[in-house]
Structure formats: C-alpha cells, structure tokens
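The block underneath contains the structure these notes are about, expressed in structure tokens.
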Amino acid sequence: MSQHDTRALLAAVSAELADIRAGIDEAGDLVSDLVKGAAPEHRLTYLTRMQAFDVLSQRVDALSGLAQALAEDQPMDTALAALPLAEMADRLRELSLRVKPLERSAPVAVCGDLLLF
C-alpha cells in the first residue's frame, strides 16, 4: 500500500471513529434518561456505571485524533505525545517501539536445494 493510500485509510479510520463517538454519546444520553426514572436508591450506582460511556468516548476521541495526526503525516512520536490519555499513549508507544517494519532485502533465489549446516 502506498503512503498516499495509508494516509487516506487513516483519515477514513479517524472519521469512522468520530461516527462511533456520536453513537456512544447517543447511547449515553439514552441511559441517562433511563437513570432519571430509576429508583432513587439505585441512581448513584447507575450514574457511577454511566461513567464508562465517558471513558469510551475519551478513548475513541484519542484514537480518532491519533489516526488523523498520522494521516496528516505527523511523526509517530509527535502523534503519540499528543494523545490526551497518558495510559493509552504509553501502551501504544511501547507497541510502536517493539514493532519494527520488515526489512526488504534483496530477493533470494530459490533453487530447491537444501543446505545443512
């Protein structure tokens, strides 16, 4: 895949994540409406559990921003440093350091012989 195709793909991934974020927000609004009708003794528990929607939204926003930054050809270190969630940035930074692109070496001629050392 060419660099241009990769940037277009990352931009599309960013847009998809933004759409997912909108869906998470709608689901959170629905749950919020339902919690309002819950018995008072259960509301605090439900409100606490609803915070999961906020965390999901933050994570999706961060990934969307990362994909967009990479689509705009920002260096990976810069894009990772801009992530607002430090724990996510650390996980992704660690992964980016472990994964090395495959080196393309000269083609190897295959003749069908097996060499034993």
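Residues in the structure tokens are numbered from 1 in each chain, the chains being A, B, ... in the order shown, and ligands are numbered from 1 in the order shown.
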
*asked:* Would you pick out the contacts of segment 37-53 of chain A at 8 Å or less, using only C-alpha atoms, so that residues sharing its chain but fewer than 5 positions from it are not included, and give the list as a list in words?
replied: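 Here the qualifying residues turn out to be Ile24, Asp25, Gly28, Val31 and Ser32 of chain A.
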
*For Ala12 of chain A, which residue out of A:Leu95, A:Ala86, A:Thr78, A:Glu72 is the nearest one, using only C-alpha atoms?*
A:Glu72

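The gap separating atom CA of Arg7 of chain A from atom CA of Gln74 of chain A is 10.5 Å, in Å to one decimal.
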
_I'd like the neighbourhood of Ala79 of chain A as a ChimeraX atom specification, where a residue qualifies if any of its atoms comes within 9 Å (using only C-alpha atoms), though same-chain residues fewer than 4 positions away should be ignored._
/A:65-70,74-75,83

Please produce an output containing N, CA, C and O atoms for each residue in the selection, written as an mmCIF file, in the first residue's frame.
data_model
loop_
_atom_site.group_PDB
_atom_site.id
_atom_site.type_symbol
_atom_site.label_atom_id
_atom_site.label_comp_id
_atom_site.auth_asym_id
_atom_site.auth_seq_id
_atom_site.Cartn_x
_atom_site.Cartn_y
_atom_site.Cartn_z
ATOM 1 N N GLY A 65 -8.054 11.069 16.939
ATOM 2 C CA GLY A 65 -7.036 12.110 16.810
ATOM 3 C C GLY A 65 -5.694 11.548 16.372
ATOM 4 O O GLY A 65 -4.997 12.145 15.544
ATOM 5 N N LEU A 66 -5.338 10.392 16.900
ATOM 6 C CA LEU A 66 -4.086 9.743 16.519
ATOM 7 C C LEU A 66 -4.111 9.365 15.037
ATOM 8 O O LEU A 66 -3.159 9.636 14.303
ATOM 9 N N ALA A 67 -5.204 8.749 14.610
ATOM 10 C CA ALA A 67 -5.310 8.356 13.204
ATOM 11 C C ALA A 67 -5.246 9.585 12.298
ATOM 12 O O ALA A 67 -4.575 9.563 11.260
ATOM 13 N N GLN A 68 -5.914 10.664 12.693
ATOM 14 C CA GLN A 68 -5.894 11.881 11.876
ATOM 15 C C GLN A 68 -4.489 12.487 11.834
ATOM 16 O O GLN A 68 -4.023 12.920 10.781
ATOM 17 N N ALA A 69 -3.807 12.502 12.974
ATOM 18 C CA ALA A 69 -2.448 13.047 13.008
ATOM 19 C C ALA A 69 -1.514 12.251 12.103
ATOM 20 O O ALA A 69 -0.706 12.821 11.363
ATOM 21 N N LEU A 70 -1.633 10.932 12.137
ATOM 22 C CA LEU A 70 -0.799 10.096 11.275
ATOM 23 C C LEU A 70 -1.188 10.269 9.808
ATOM 24 O O LEU A 70 -0.328 10.242 8.930
ATOM 25 N N GLN A 74 2.161 13.387 10.477
ATOM 26 C CA GLN A 74 2.932 13.759 11.664
ATOM 27 C C GLN A 74 3.800 12.575 12.055
ATOM 28 O O GLN A 74 3.387 11.425 11.907
ATOM 29 N N PRO A 75 4.977 12.844 12.597
ATOM 30 C CA PRO A 75 5.799 11.727 13.096
ATOM 31 C C PRO A 75 5.055 10.978 14.206
ATOM 32 O O PRO A 75 4.304 11.577 14.975
ATOM 33 N N LEU A 83 -1.543 12.461 22.459
ATOM 34 C CA LEU A 83 -2.701 11.735 22.999
ATOM 35 C C LEU A 83 -3.038 12.260 24.392
ATOM 36 O O LEU A 83 -2.155 12.361 25.252
#

*Going by DSSP on the backbone, which bits of chain A are alpha helix (DSSP H)? Write them as a ChimeraX atom specification, please.*
/A:3-36,40-71,76-81,86-98

*asked:* Set the distance at 9 Å and use only C-alpha atoms: which residues neighbour Arg21 of chain A once local chain neighbours fewer than 6 positions away are removed? I'd like the list as a list in words.
replied: Leu56, Ser57, Gln58, Val60 and Asp61 of chain A

Residues from the last selection, N, CA, C and O atoms, saved as an mmCIF file, in the first residue's frame:
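Printed below is again.cif as written:
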data_model
loop_
_atom_site.group_PDB
_atom_site.id
_atom_site.type_symbol
_atom_site.label_atom_id
_atom_site.label_comp_id
_atom_site.auth_asym_id
_atom_site.auth_seq_id
_atom_site.Cartn_x
_atom_site.Cartn_y
_atom_site.Cartn_z
ATOM 1 N N LEU A 56 -15.218 5.583 27.345
ATOM 2 C CA LEU A 56 -15.227 5.103 25.960
ATOM 3 C C LEU A 56 -15.108 6.259 24.974
ATOM 4 O O LEU A 56 -14.356 6.184 23.999
ATOM 5 N N SER A 57 -15.841 7.320 25.241
ATOM 6 C CA SER A 57 -15.790 8.494 24.361
ATOM 7 C C SER A 57 -14.385 9.077 24.312
ATOM 8 O O SER A 57 -13.890 9.438 23.238
ATOM 9 N N GLN A 58 -13.740 9.178 25.460
ATOM 10 C CA GLN A 58 -12.386 9.719 25.510
ATOM 11 C C GLN A 58 -11.409 8.844 24.733
ATOM 12 O O GLN A 58 -10.541 9.351 24.008
ATOM 13 N N VAL A 60 -12.115 6.748 22.229
ATOM 14 C CA VAL A 60 -12.409 6.840 20.801
ATOM 15 C C VAL A 60 -11.903 8.166 20.244
ATOM 16 O O VAL A 60 -11.320 8.218 19.160
ATOM 17 N N ASP A 61 -12.102 9.248 20.986
ATOM 18 C CA ASP A 61 -11.584 10.551 20.552
ATOM 19 C C ASP A 61 -10.066 10.515 20.398
ATOM 20 O O ASP A 61 -9.518 11.048 19.436
#
